[in-house]
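**Q** The file below is target-v8.tsv, TSV, C-alpha atoms:
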```tsv
chain	number	residue	atom	x	y	z
A	1	MET	CA	-21.82	-27.60	16.42
A	2	PRO	CA	-21.19	-31.22	15.40
A	3	ASN	CA	-17.75	-32.46	14.46
A	4	ARG	CA	-17.05	-34.01	11.06
A	5	TRP	CA	-13.90	-35.74	9.88
A	6	PRO	CA	-12.81	-37.86	6.94
A	7	ILE	CA	-12.34	-41.59	7.47
A	8	ALA	CA	-10.43	-41.94	4.19
A	9	ASP	CA	-8.55	-39.79	1.67
A	10	GLY	CA	-10.72	-38.50	-1.16
A	11	ASN	CA	-12.91	-35.72	-2.55
A	12	TRP	CA	-14.84	-33.40	-0.26
A	13	SER	CA	-18.05	-33.98	-2.27
A	14	ASP	CA	-17.91	-37.74	-1.68
A	15	SER	CA	-20.08	-38.55	1.34
A	16	ALA	CA	-18.42	-41.98	1.63
A	17	ILE	CA	-15.19	-40.48	3.01
A	18	TRP	CA	-16.91	-38.67	5.90
A	19	SER	CA	-17.83	-39.82	9.36
A	20	GLY	CA	-21.48	-40.74	9.38
A	21	SER	CA	-21.44	-40.52	5.56
A	22	ILE	CA	-22.50	-36.87	5.90
A	23	ILE	CA	-20.76	-34.12	3.94
A	24	PRO	CA	-19.89	-31.21	6.31
A	25	THR	CA	-22.14	-28.14	6.34
A	26	ALA	CA	-21.92	-24.55	7.60
A	27	SER	CA	-22.57	-25.61	11.21
A	28	ASP	CA	-19.74	-28.16	11.36
A	29	ASP	CA	-16.25	-28.04	12.83
A	30	VAL	CA	-14.22	-30.11	10.38
A	31	TYR	CA	-11.07	-32.01	11.44
A	32	ALA	CA	-8.56	-33.36	8.93
A	33	ASN	CA	-8.07	-36.58	10.98
A	34	ASN	CA	-4.62	-37.12	9.44
A	35	ARG	CA	-6.23	-37.53	5.99
A	36	ILE	CA	-5.81	-35.68	2.68
A	37	VAL	CA	-9.08	-34.25	1.38
A	38	ASN	CA	-9.39	-32.71	-2.09
A	39	ILE	CA	-11.73	-29.71	-2.02
A	40	ASP	CA	-13.60	-30.14	-5.30
A	41	THR	CA	-16.46	-27.71	-4.61
A	42	ASN	CA	-17.11	-24.43	-2.82
A	43	ILE	CA	-17.47	-25.14	0.89
A	44	GLN	CA	-18.88	-23.34	3.92
A	45	VAL	CA	-18.07	-24.66	7.40
A	46	LEU	CA	-17.70	-23.40	10.92
A	47	SER	CA	-13.98	-24.25	11.05
A	48	LEU	CA	-11.17	-26.32	9.54
A	49	ARG	CA	-8.66	-27.88	11.93
A	50	ASN	CA	-6.02	-30.58	12.15
A	51	ALA	CA	-6.08	-31.01	15.92
A	52	SER	CA	-6.84	-34.28	17.67
A	53	GLY	CA	-10.06	-35.09	19.52
A	54	THR	CA	-12.33	-37.90	20.51
A	55	GLY	CA	-12.02	-40.44	17.73
A	56	ILE	CA	-9.91	-37.95	15.74
A	57	THR	CA	-6.21	-38.24	14.92
A	58	GLN	CA	-4.00	-35.15	14.82
A	59	GLY	CA	-2.65	-34.05	11.41
A	60	GLY	CA	-3.83	-34.09	7.81
A	61	ARG	CA	-4.67	-31.37	5.29
A	62	PHE	CA	-7.10	-30.03	2.70
A	63	GLU	CA	-5.96	-29.50	-0.91
A	64	ILE	CA	-7.40	-27.26	-3.66
A	65	TYR	CA	-6.63	-27.86	-7.34
A	66	GLY	CA	-9.49	-25.93	-8.93
A	67	ASN	CA	-11.05	-22.48	-8.52
A	68	TYR	CA	-12.95	-23.31	-5.34
A	69	ASN	CA	-13.65	-21.13	-2.31
A	70	ILE	CA	-13.70	-21.72	1.44
A	71	SER	CA	-15.86	-19.84	3.92
A	72	ALA	CA	-15.20	-20.44	7.62
A	73	SER	CA	-15.17	-18.63	10.94
A	74	ALA	CA	-11.71	-20.03	11.71
A	75	ILE	CA	-8.98	-22.04	10.03
A	76	THR	CA	-6.51	-23.28	12.61
A	77	ALA	CA	-3.41	-25.44	12.30
A	78	THR	CA	-2.54	-27.15	15.55
A	79	SER	CA	0.04	-29.64	14.33
A	80	HIS	CA	2.90	-29.37	11.87
A	81	VAL	CA	1.86	-30.33	8.36
A	82	SER	CA	5.44	-30.25	7.09
A	83	ALA	CA	8.74	-30.85	8.80
A	84	THR	CA	10.08	-27.39	7.94
A	85	PRO	CA	7.11	-25.01	8.13
A	86	VAL	CA	9.16	-21.86	7.56
A	87	THR	CA	10.16	-22.56	3.95
A	88	LEU	CA	8.26	-25.59	2.67
A	89	GLY	CA	4.68	-26.76	2.28
A	90	PRO	CA	2.22	-28.18	2.39
A	91	GLY	CA	-0.11	-26.45	4.84
A	92	LEU	CA	-3.38	-27.30	6.52
A	93	VAL	CA	-4.91	-25.75	3.39
A	94	THR	CA	-2.72	-26.02	0.27
A	95	TYR	CA	-3.50	-24.49	-3.10
A	96	TYR	CA	-2.12	-26.22	-6.22
A	97	GLY	CA	-4.29	-24.56	-8.87
A	98	THR	CA	-3.26	-22.04	-11.50
A	99	GLY	CA	-6.43	-19.95	-11.29
A	100	SER	CA	-7.68	-18.45	-8.03
A	101	ALA	CA	-9.26	-19.51	-4.76
A	102	THR	CA	-10.88	-17.26	-2.17
A	103	ILE	CA	-10.79	-18.02	1.53
A	104	ILE	CA	-13.29	-16.03	3.59
A	105	VAL	CA	-12.36	-16.39	7.23
A	106	ALA	CA	-12.78	-14.30	10.38
A	107	ASN	CA	-9.37	-15.44	11.66
A	108	LEU	CA	-6.63	-17.47	10.04
A	109	THR	CA	-4.42	-18.62	12.88
A	110	SER	CA	-2.45	-21.38	14.53
A	111	SER	CA	-2.36	-22.33	18.17
A	112	THR	CA	1.16	-23.73	18.06
A	113	HIS	CA	2.38	-24.70	14.62
A	114	GLY	CA	1.83	-24.30	10.90
A	115	PRO	CA	1.82	-23.48	8.10
A	116	THR	CA	-1.92	-23.01	8.03
A	117	LEU	CA	-2.07	-21.93	4.36
A	118	PHE	CA	0.40	-22.71	1.59
A	119	ASN	CA	0.27	-21.48	-2.01
A	120	SER	CA	2.23	-24.03	-3.99
A	121	SER	CA	1.35	-22.70	-7.44
A	122	SER	CA	1.41	-19.80	-9.88
A	123	GLY	CA	-2.23	-19.10	-9.04
A	124	THR	CA	-3.86	-16.61	-6.66
A	125	VAL	CA	-5.17	-17.13	-3.15
A	126	ASN	CA	-7.41	-14.42	-1.70
A	127	ILE	CA	-7.71	-14.26	2.09
A	128	LEU	CA	-10.62	-12.16	3.31
A	129	GLY	CA	-9.93	-11.93	7.02
A	130	ASN	CA	-7.21	-11.31	9.59
A	131	VAL	CA	-4.00	-13.33	9.75
A	132	ALA	CA	-2.59	-13.86	13.25
A	133	ALA	CA	0.83	-15.47	13.61
A	134	PRO	CA	0.99	-18.33	16.12
A	135	TYR	CA	2.45	-18.37	19.62
A	136	ASN	CA	4.92	-21.18	20.28
A	137	VAL	CA	7.85	-21.09	22.66
A	138	THR	CA	9.74	-24.08	21.30
A	139	THR	CA	9.21	-24.54	17.58
A	140	VAL	CA	9.59	-22.13	14.66
A	141	SER	CA	6.23	-21.80	12.95
A	142	THR	CA	4.40	-19.72	10.38
A	143	MET	CA	0.89	-18.96	9.23
A	144	VAL	CA	0.90	-18.35	5.47
A	145	ILE	CA	3.58	-19.18	2.90
A	146	ASN	CA	3.68	-18.10	-0.73
A	147	GLY	CA	5.96	-20.86	-1.91
A	148	ASN	CA	5.97	-20.43	-5.69
A	149	THR	CA	5.43	-17.71	-8.30
A	150	GLY	CA	1.81	-17.06	-7.42
A	151	THR	CA	0.02	-14.31	-5.51
A	152	ILE	CA	-1.54	-14.09	-2.07
A	153	ASN	CA	-3.95	-11.22	-1.41
A	154	VAL	CA	-4.87	-10.46	2.20
A	155	ILE	CA	-7.77	-8.12	2.98
A	156	GLY	CA	-7.30	-7.79	6.73
A	157	ASN	CA	-4.70	-7.11	9.42
A	158	VAL	CA	-1.56	-9.21	9.86
A	159	THR	CA	-0.25	-9.46	13.42
A	160	SER	CA	2.13	-11.36	15.68
A	161	PRO	CA	1.48	-12.14	19.34
A	162	SER	CA	2.65	-9.58	21.91
A	163	VAL	CA	4.29	-12.13	24.18
A	164	ALA	CA	7.90	-12.93	24.98
A	165	ASN	CA	9.82	-15.88	23.51
A	166	ALA	CA	7.49	-16.56	20.59
A	167	GLN	CA	8.98	-17.84	17.32
A	168	ASN	CA	6.51	-17.00	14.65
A	169	TYR	CA	5.85	-15.64	11.18
A	170	GLY	CA	2.61	-14.29	9.82
A	171	LEU	CA	3.42	-14.32	6.07
A	172	ILE	CA	6.45	-15.56	4.17
A	173	ASN	CA	7.20	-14.87	0.51
A	174	SER	CA	9.75	-17.60	-0.18
A	175	LEU	CA	10.18	-17.44	-3.96
A	176	THR	CA	9.37	-14.90	-6.70
A	177	GLY	CA	5.67	-14.45	-6.02
A	178	THR	CA	3.74	-11.46	-4.68
A	179	ILE	CA	1.97	-10.87	-1.38
A	180	ASN	CA	-0.51	-7.97	-1.24
A	181	VAL	CA	-1.86	-6.83	2.13
A	182	THR	CA	-4.68	-4.31	2.44
A	183	GLY	CA	-4.65	-3.72	6.18
A	184	ASN	CA	-2.26	-2.98	9.03
A	185	VAL	CA	0.87	-4.99	9.83
A	186	VAL	CA	2.07	-5.11	13.46
A	187	GLY	CA	5.27	-6.71	14.77
A	188	GLY	CA	5.32	-9.08	17.74
A	189	SER	CA	8.09	-10.59	19.83
A	190	SER	CA	10.55	-13.34	19.12
A	191	ASN	CA	13.58	-15.11	20.50
A	192	GLY	CA	14.58	-15.78	16.89
A	193	VAL	CA	14.51	-13.85	13.64
A	194	SER	CA	10.81	-13.95	12.92
A	195	PRO	CA	9.13	-10.74	11.75
A	196	THR	CA	5.42	-10.66	11.05
A	197	ILE	CA	6.09	-10.63	7.27
A	198	LEU	CA	9.28	-11.98	5.70
A	199	ASN	CA	10.38	-11.43	2.09
A	200	SER	CA	13.06	-14.09	1.82
A	201	SER	CA	13.67	-14.32	-1.91
A	202	PHE	CA	13.14	-12.23	-5.06
A	203	GLY	CA	9.44	-11.59	-4.63
A	204	THR	CA	7.34	-8.53	-3.83
A	205	ILE	CA	5.51	-7.44	-0.69
A	206	ASN	CA	2.88	-4.70	-1.20
A	207	VAL	CA	1.14	-3.19	1.84
A	208	THR	CA	-1.63	-0.61	1.74
A	209	GLY	CA	-1.98	0.27	5.41
A	210	ASN	CA	0.09	1.18	8.44
A	211	VAL	CA	3.19	-0.75	9.51
A	212	LEU	CA	4.19	-0.78	13.20
A	213	GLY	CA	7.19	-2.45	14.83
A	214	SER	CA	6.76	-4.47	18.01
A	215	PRO	CA	5.23	-2.49	20.89
A	216	THR	CA	7.52	-0.88	23.45
A	217	SER	CA	5.96	-3.01	26.17
A	218	LEU	CA	7.81	-6.07	24.87
A	219	THR	CA	11.32	-6.89	26.01
A	220	VAL	CA	12.14	-8.98	22.92
A	221	ALA	CA	10.87	-7.65	19.62
A	222	GLN	CA	11.03	-8.01	15.84
A	223	SER	CA	10.21	-5.82	12.86
A	224	ALA	CA	6.79	-5.91	11.32
A	225	ILE	CA	8.35	-6.53	7.87
A	226	SER	CA	11.80	-7.92	7.14
A	227	GLN	CA	13.58	-8.31	3.82
A	228	THR	CA	16.52	-10.68	3.44
A	229	SER	CA	16.51	-10.85	-0.35
A	230	THR	CA	16.83	-8.66	-3.44
A	231	GLY	CA	13.06	-8.37	-3.67
A	232	LEU	CA	10.77	-5.37	-3.21
A	233	VAL	CA	8.86	-4.08	-0.19
A	234	ASN	CA	6.37	-1.43	-1.29
A	235	ILE	CA	4.27	0.38	1.35
A	236	THR	CA	1.54	2.97	0.96
A	237	GLY	CA	0.87	4.16	4.50
A	238	THR	CA	2.58	5.13	7.74
A	239	VAL	CA	5.67	3.28	9.01
A	240	VAL	CA	6.48	3.55	12.72
A	241	GLY	CA	9.27	2.10	14.80
A	242	ASP	CA	8.45	1.14	18.37
A	243	ARG	CA	10.59	-1.39	20.21
A	244	ALA	CA	11.57	-2.74	16.78
A	245	SER	CA	11.70	-1.08	13.37
A	246	GLY	CA	8.60	-1.04	11.23
A	247	VAL	CA	10.68	-2.32	8.28
A	248	SER	CA	14.15	-3.85	8.39
A	249	SER	CA	16.35	-5.02	5.54
A	250	THR	CA	19.77	-6.67	5.46
A	251	SER	CA	19.87	-7.17	1.70
A	252	ALA	CA	20.40	-5.33	-1.58
A	253	GLY	CA	16.66	-5.25	-2.15
A	254	THR	CA	14.35	-2.25	-2.57
A	255	ILE	CA	12.13	-0.49	-0.04
A	256	ILE	CA	9.61	2.10	-1.23
A	257	VAL	CA	7.39	3.97	1.24
A	258	ARG	CA	4.72	6.46	0.23
A	259	GLY	CA	3.80	7.97	3.57
A	260	PRO	CA	5.19	9.28	6.88
A	261	ILE	CA	8.04	7.46	8.62
A	262	SER	CA	8.69	7.82	12.37
A	263	SER	CA	11.27	6.47	14.79
A	264	SER	CA	10.84	5.78	18.48
A	265	ILE	CA	13.17	6.64	21.34
A	266	ILE	CA	14.88	3.28	20.92
A	267	THR	CA	14.82	2.36	17.22
A	268	ASN	CA	14.48	3.59	13.66
A	269	GLY	CA	11.28	3.54	11.69
A	270	ILE	CA	13.14	1.87	8.82
A	271	SER	CA	16.51	0.15	9.06
A	272	SER	CA	18.37	-0.81	5.88
A	273	THR	CA	21.90	-2.05	6.54
A	274	SER	CA	23.05	-3.13	3.07
A	275	THR	CA	25.43	-0.73	1.32
A	276	THR	CA	23.84	-1.59	-2.05
A	277	SER	CA	20.16	-1.40	-1.13
A	278	THR	CA	17.65	0.96	-2.76
A	279	ASN	CA	15.49	3.05	-0.44
A	280	ILE	CA	12.95	5.49	-1.88
A	281	PHE	CA	10.55	7.55	0.25
A	282	THR	CA	8.13	10.46	0.11
A	283	GLY	CA	8.27	11.45	3.78
A	284	PRO	CA	7.59	13.36	5.91
A	285	PHE	CA	10.11	12.01	8.41
A	286	TYR	CA	9.96	12.29	12.20
A	287	ASN	CA	12.96	11.62	14.42
A	288	THR	CA	12.40	10.87	18.09
A	289	GLY	CA	15.21	11.57	20.51
A	290	SER	CA	18.48	10.64	18.84
A	291	PHE	CA	17.04	7.99	16.51
A	292	ASN	CA	16.56	8.80	12.83
A	293	ALA	CA	13.32	7.93	11.14
A	294	VAL	CA	15.41	6.16	8.49
A	295	TYR	CA	18.74	4.39	8.91
A	296	ALA	CA	20.21	3.60	5.50
A	297	TYR	CA	23.43	3.87	3.50
A	298	ARG	CA	21.44	4.92	0.45
A	299	MET	CA	18.26	6.96	0.33
A	300	GLN	CA	16.26	8.87	-2.28
A	301	ILE	CA	13.14	11.01	-2.15
A	302	ILE	CA	10.40	10.40	-4.70
A	303	ASP	CA	10.44	13.29	-7.17
A	304	PRO	CA	8.46	15.48	-7.24
A	305	ALA	CA	7.70	15.46	-3.52
A	306	SER	CA	6.90	18.04	-0.88
A	307	THR	CA	8.32	16.76	2.37
A	308	SER	CA	9.93	17.62	5.70
A	309	TRP	CA	12.19	16.02	8.31
A	310	ARG	CA	11.79	16.82	11.99
A	311	PHE	CA	14.76	16.50	14.36
A	312	ASP	CA	14.69	16.69	18.14
A	313	THR	CA	17.34	19.01	19.55
A	314	GLU	CA	19.48	18.49	22.64
A	315	THR	CA	16.96	20.65	24.49
A	316	THR	CA	14.05	18.55	25.73
A	317	GLY	CA	10.82	19.38	23.98
A	318	VAL	CA	12.48	21.51	21.28
A	319	SER	CA	12.64	20.30	17.68
A	320	LYS	CA	13.72	21.67	14.32
A	321	THR	CA	12.24	20.81	10.94
A	322	LEU	CA	13.94	20.78	7.55
A	323	TYR	CA	11.72	21.35	4.53
A	324	THR	CA	12.07	20.79	0.82
A	325	ALA	CA	11.99	24.05	-1.14
A	326	ASN	CA	8.46	23.47	-2.42
A	327	GLN	CA	7.02	22.74	1.02
A	328	LEU	CA	8.48	25.43	3.33
A	329	PRO	CA	5.66	27.05	5.34
A	330	GLY	CA	5.05	30.74	4.57
A	331	VAL	CA	6.74	30.64	1.17
A	332	PRO	CA	4.52	31.89	-1.68
A	333	GLN	CA	3.46	29.60	-4.48
A	334	GLN	CA	5.37	29.92	-7.75
A	335	SER	CA	2.19	31.18	-9.42
A	336	ASP	CA	2.18	34.12	-6.98
A	337	VAL	CA	5.74	35.24	-7.75
A	338	ARG	CA	6.62	37.35	-10.82
A	339	LYS	CA	7.79	35.30	-13.78
A	340	GLY	CA	11.54	34.73	-13.91
A	341	VAL	CA	12.19	35.75	-10.30
A	342	GLN	CA	14.20	33.10	-8.44
A	343	TYR	CA	13.55	32.64	-4.71
A	344	ASN	CA	13.71	30.15	-1.84
A	345	PHE	CA	16.69	28.10	-2.97
A	346	GLY	CA	15.70	27.08	-6.46
A	347	LEU	CA	12.10	28.11	-7.08
A	348	THR	CA	11.25	30.41	-10.01
A	349	GLY	CA	8.10	32.51	-10.22
A	350	SER	CA	5.62	31.99	-13.05
A	351	LEU	CA	3.20	34.93	-12.59
A	352	GLU	CA	3.13	37.20	-15.67
A	353	MET	CA	2.29	40.91	-15.04
A	354	PRO	CA	1.19	43.34	-17.79
A	355	ASP	CA	3.07	46.60	-18.37
A	356	PRO	CA	1.26	49.41	-16.48
A	357	THR	CA	1.31	51.53	-19.68
A	358	THR	CA	-0.99	48.96	-21.30
A	359	VAL	CA	-3.56	49.01	-18.48
A	360	LYS	CA	-6.41	51.55	-18.24
A	361	LEU	CA	-5.60	54.64	-16.21
A	362	GLY	CA	-6.18	54.09	-12.48
A	363	VAL	CA	-6.69	50.30	-12.62
A	364	ALA	CA	-4.52	48.49	-10.04
A	365	VAL	CA	-1.73	46.45	-11.59
A	366	ASP	CA	1.37	44.99	-9.94
A	367	ASN	CA	2.32	47.50	-7.21
A	368	THR	CA	1.02	50.55	-9.11
A	369	VAL	CA	-1.89	51.50	-11.36
A	370	GLY	CA	-2.40	51.53	-15.10
A	371	SER	CA	-1.51	54.68	-17.03
A	372	ALA	CA	-3.05	54.00	-20.43
A	373	VAL	CA	-5.35	56.89	-21.63
A	374	LEU	CA	-7.73	56.39	-24.56
A	375	THR	CA	-8.55	59.51	-26.65
A	376	ALA	CA	-11.28	60.09	-29.22
A	377	GLN	CA	-8.63	59.87	-31.91
A	378	ASP	CA	-7.54	56.45	-30.56
A	379	MET	CA	-11.10	55.23	-30.82
A	380	PHE	CA	-11.49	56.67	-34.35
A	381	ASP	CA	-8.23	55.08	-35.45
A	382	VAL	CA	-9.41	51.69	-34.22
A	383	LEU	CA	-12.74	52.05	-35.98
A	384	THR	CA	-11.26	53.18	-39.29
A	385	GLN	CA	-8.10	51.13	-39.60
A	386	ASP	CA	-10.02	48.04	-40.72
A	387	ILE	CA	-13.01	49.80	-42.28
A	388	VAL	CA	-12.71	48.12	-45.66
A	389	GLN	CA	-11.85	44.62	-44.44
A	390	THR	CA	-14.04	41.72	-45.56
A	391	GLY	CA	-17.42	41.81	-43.83
A	392	SER	CA	-17.04	45.36	-42.46
A	393	ILE	CA	-19.52	48.26	-42.82
A	394	GLY	CA	-17.03	50.01	-45.05
A	395	GLU	CA	-17.05	47.15	-47.49
A	396	THR	CA	-20.87	47.22	-47.54
A	397	LEU	CA	-20.95	50.93	-48.40
A	398	ASP	CA	-18.01	50.90	-50.78
A	399	ASN	CA	-19.08	51.90	-54.33
A	400	VAL	CA	-22.73	51.68	-53.36
A	401	SER	CA	-25.18	52.72	-56.09
A	402	THR	CA	-27.21	55.86	-55.57
A	403	VAL	CA	-30.25	54.42	-57.27
A	404	GLN	CA	-33.24	55.36	-55.16
A	405	THR	CA	-34.17	51.78	-54.21
A	406	VAL	CA	-30.62	50.96	-53.11
A	407	ALA	CA	-30.39	54.27	-51.27
A	408	ALA	CA	-33.54	53.34	-49.35
A	409	THR	CA	-31.92	50.05	-48.41
A	410	VAL	CA	-28.79	51.80	-47.20
A	411	SER	CA	-30.92	54.31	-45.32
A	412	ALA	CA	-32.65	51.48	-43.51
A	413	PHE	CA	-29.36	49.84	-42.53
A	414	LYS	CA	-28.74	50.35	-38.83
A	415	VAL	CA	-26.08	49.13	-36.47
```
Show this structure as structure tokens.

**A**
Amino acid sequence: MPNRWPIADGNWSDSAIWSGSIIPTASDDVYANNRIVNIDTNIQVLSLRNASGTGITQGGRFEIYGNYNISASAITATSHVSATPVTLGPGLVTYYGTGSATIIVANLTSSTHGPTLFNSSSGTVNILGNVAAPYNVTTVSTMVINGNTGTINVIGNVTSPSVANAQNYGLINSLTGTINVTGNVVGGSSNGVSPTILNSSFGTINVTGNVLGSPTSLTVAQSAISQTSTGLVNITGTVVGDRASGVSSTSAGTIIVRGPISSSIITNGISSTSTTSTNIFTGPFYNTGSFNAVYAYRMQIIDPASTSWRFDTETTGVSKTLYTANQLPGVPQQSDVRKGVQYNFGLTGSLEMPDPTTVKLGVAVDNTVGSAVLTAQDMFDVLTQDIVQTGSIGETLDNVSTVQTVAATVSAFKV
């Protein structure tokens, strides 16, 4: 695993800027060496770093302006690339393009500082790998920042360290862009306000996966996702509070959750403290102890929805569950209840039943049997009432000639 580093600013594809005049390959650990390298081709390396080492200066970054991809086992920021890593770029890897770049990495992390990745454009950055927020006891730091109107897609889990006194962020959406996570989001611990994902402006956070607040084992904890803006947090999956809420919001933004929401014995699953926020859920909801699954001034249930809300009672181990009318256990479906019959607080049956007098004698219908009796006269009446209609036998025989040849034809006619 040889080390490579640039000895001058320039393009990645230019061998003259690299130590030993050798362009890094898939077996190389690459250090920025306090230089700025423009990635002008798809690259595959063992790692990208900005740490110091023998003959290597701490700092530097890699910039992408075109639609180029990075494949690495690890991308790790060890030193601050910008003075204010929470809100501003650049990062160890910074994207300035308007198209898309894909970063395939086993782990995107930071040992102490950050940001490791910064999207400074209206383009799209795809991260195929896990994002782990850094551990640092003295300096606020972050992993990934969406700093413009672009999009960051993460296919992997986003986590914070489960240690006390860390000040860290996994992902920050700092403007009007969108962050999409397909994976689980887990809160860590912090001695400051630093959730795993922060929506700090008017942008959108979409998560397809489970969201879990900091584990109960921690003494200082933060939410997995926090919203301090009028943006949107949209989750398809389970949200669970542990030592901290799965999702917290202090703004007039919107939270939408399509999936179960649960509290813990010490916190809510979702906490929304703004009196003008919008909170829309499908449920079901599960209270634990005296904590509600959702704490909010305003709340709506997605319509139509079948849901329930379980409450613990004052008796240990005993709970009660409230159900929406279309979800109550043991209640028949509307298609099984006679049409027009109202039942169960607002449901109306839709099953249509025939009149027993129109059903054959003895055939079960409704809660009785049919009483219709067909006589020979009934059958004759049916056969004769349309006997001269177009195409009928009656029409064929009507005014038929008795000439012998025609009579033979009629004689041969059989039904």

**Q** Taking 2 positions as the minimum chain separation for residues in the same chain, which residues sit within 9 Å of A:Ile301 when counting only C-alpha atoms? Answer as a short mmCIF file (atom, residue, chain, number, x, y, z; two decimals) with C-alpha atoms, in the coordinates of the input.

**A**
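This went into out_11.cif:
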```cif
data_model
loop_
_atom_site.label_atom_id
_atom_site.label_comp_id
_atom_site.auth_asym_id
_atom_site.auth_seq_id
_atom_site.Cartn_x
_atom_site.Cartn_y
_atom_site.Cartn_z
CA ASN A 279 15.49 3.05 -0.44
CA ILE A 280 12.95 5.49 -1.88
CA PHE A 281 10.55 7.55 0.25
CA THR A 282 8.13 10.46 0.11
CA GLY A 283 8.27 11.45 3.78
CA MET A 299 18.26 6.96 0.33
CA ASP A 303 10.44 13.29 -7.17
CA PRO A 304 8.46 15.48 -7.24
CA ALA A 305 7.70 15.46 -3.52
CA THR A 307 8.32 16.76 2.37
#
```

**Q** Determine, counting all atoms listed in the file, every residue of protein, DNA or RNA that lies within 10 Å of (-11.3, 53.3, -15.7) in the file coordinates, then give the result as a ChimeraX atom specification.

**A** /A:359-363,370-373

**Q** Please write the residues from the selection above to a file, keeping C-alpha atoms, as a PDB file, keeping the file's coordinate frame.

**A**
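And here is the file that came out, out-v9.pdb:
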```pdb
ATOM      1  CA  VAL A 359      -3.560  49.010 -18.480  1.00  0.00           C
ATOM      2  CA  LYS A 360      -6.410  51.550 -18.240  1.00  0.00           C
ATOM      3  CA  LEU A 361      -5.600  54.640 -16.210  1.00  0.00           C
ATOM      4  CA  GLY A 362      -6.180  54.090 -12.480  1.00  0.00           C
ATOM      5  CA  VAL A 363      -6.690  50.300 -12.620  1.00  0.00           C
ATOM      6  CA  GLY A 370      -2.400  51.530 -15.100  1.00  0.00           C
ATOM      7  CA  SER A 371      -1.510  54.680 -17.030  1.00  0.00           C
ATOM      8  CA  ALA A 372      -3.050  54.000 -20.430  1.00  0.00           C
ATOM      9  CA  VAL A 373      -5.350  56.890 -21.630  1.00  0.00           C
TER      10      VAL A 373
END
```

**Q** Given the choices A:Val185, A:Gln227, A:Asn107, A:Tyr96, which gets closest to A:Asn148 if the distance is worked out from only C-alpha atoms?

**A**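 When distances to A:Asn148 are compared using only C-alpha atoms, the smallest one comes from A:Tyr96.
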
**Q** What does the distance between atom CA of A:Gly129 and atom CA of A:Ser19 come to in Å, to one decimal place?

**A**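 Pair atom CA of A:Gly129 / atom CA of A:Ser19 returns 29.1 Å.
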
**Q** For A:Tyr295, which residue among A:Ser262, A:Thr384, A:Asp312, A:Tyr323 is the nearest when counting all atoms listed in the file?

**A**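 Among the listed residues, A:Ser262 lies closest to A:Tyr295.
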
**Q** Using all atoms listed in the file, which of the listed residues (A:Gly259, A:Pro284, A:Gly177, A:Gly269) sits closest to A:Ile235?

**A** A:Gly259

**Q** Using only C-alpha atoms, which protein or nucleic acid residues come within 9 Å of A:Ile179? Drop anything in the same chain fewer than 6 positions from it, and give the result as a PDB file with C-alpha atoms, in the coordinates of the input.

**A**
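The resulting file, selection12.pdb, is reproduced below:
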```
ATOM      1  CA  ASN A 146       3.680 -18.100  -0.730  1.00  0.00           C
ATOM      2  CA  GLY A 150       1.810 -17.060  -7.420  1.00  0.00           C
ATOM      3  CA  THR A 151       0.020 -14.310  -5.510  1.00  0.00           C
ATOM      4  CA  ILE A 152      -1.540 -14.090  -2.070  1.00  0.00           C
ATOM      5  CA  ASN A 153      -3.950 -11.220  -1.410  1.00  0.00           C
ATOM      6  CA  VAL A 154      -4.870 -10.460   2.200  1.00  0.00           C
ATOM      7  CA  LEU A 171       3.420 -14.320   6.070  1.00  0.00           C
ATOM      8  CA  ILE A 172       6.450 -15.560   4.170  1.00  0.00           C
ATOM      9  CA  ASN A 173       7.200 -14.870   0.510  1.00  0.00           C
ATOM     10  CA  GLY A 203       9.440 -11.590  -4.630  1.00  0.00           C
ATOM     11  CA  THR A 204       7.340  -8.530  -3.830  1.00  0.00           C
ATOM     12  CA  ILE A 205       5.510  -7.440  -0.690  1.00  0.00           C
ATOM     13  CA  ASN A 206       2.880  -4.700  -1.200  1.00  0.00           C
ATOM     14  CA  VAL A 207       1.140  -3.190   1.840  1.00  0.00           C
TER      15      VAL A 207
END
```

**Q** Which value, in Å to one decimal, gives the distance between atom CA of A:Pro215 and atom CA of A:Val186?

**A**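 Result for atom CA of A:Pro215 versus atom CA of A:Val186: 8.5 Å, one decimal.
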
**Q** So how far away is atom CA of A:Gly97 from atom CA of A:Ile64, in Å?

**A** 6.6 Å

**Q** A:Ile43, A:Val125, A:Val93, A:Ile17: which is nearest A:Thr149, counting all atoms listed in the file?

**A**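 Selected residue with least distance to A:Thr149: A:Val125.
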
**Q** Would you mind listing what lies within 9 Å of A:Gly209 as an MDAnalysis selection string, with all atoms listed in the file counted and same-chain residues fewer than 6 positions away left out?

**A** chainID A and resid 157 181:185 235:239

**Q** Could you please take those selected residues and save C-alpha atoms as a PDB file, keeping the file's coordinate frame?

**A**
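Output file selection_34.pdb is given in full below:
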```pdb
ATOM      1  CA  ASN A 157      -4.700  -7.110   9.420  1.00  0.00           C
ATOM      2  CA  VAL A 181      -1.860  -6.830   2.130  1.00  0.00           C
ATOM      3  CA  THR A 182      -4.680  -4.310   2.440  1.00  0.00           C
ATOM      4  CA  GLY A 183      -4.650  -3.720   6.180  1.00  0.00           C
ATOM      5  CA  ASN A 184      -2.260  -2.980   9.030  1.00  0.00           C
ATOM      6  CA  VAL A 185       0.870  -4.990   9.830  1.00  0.00           C
ATOM      7  CA  ILE A 235       4.270   0.380   1.350  1.00  0.00           C
ATOM      8  CA  THR A 236       1.540   2.970   0.960  1.00  0.00           C
ATOM      9  CA  GLY A 237       0.870   4.160   4.500  1.00  0.00           C
ATOM     10  CA  THR A 238       2.580   5.130   7.740  1.00  0.00           C
ATOM     11  CA  VAL A 239       5.670   3.280   9.010  1.00  0.00           C
TER      12      VAL A 239
END
```
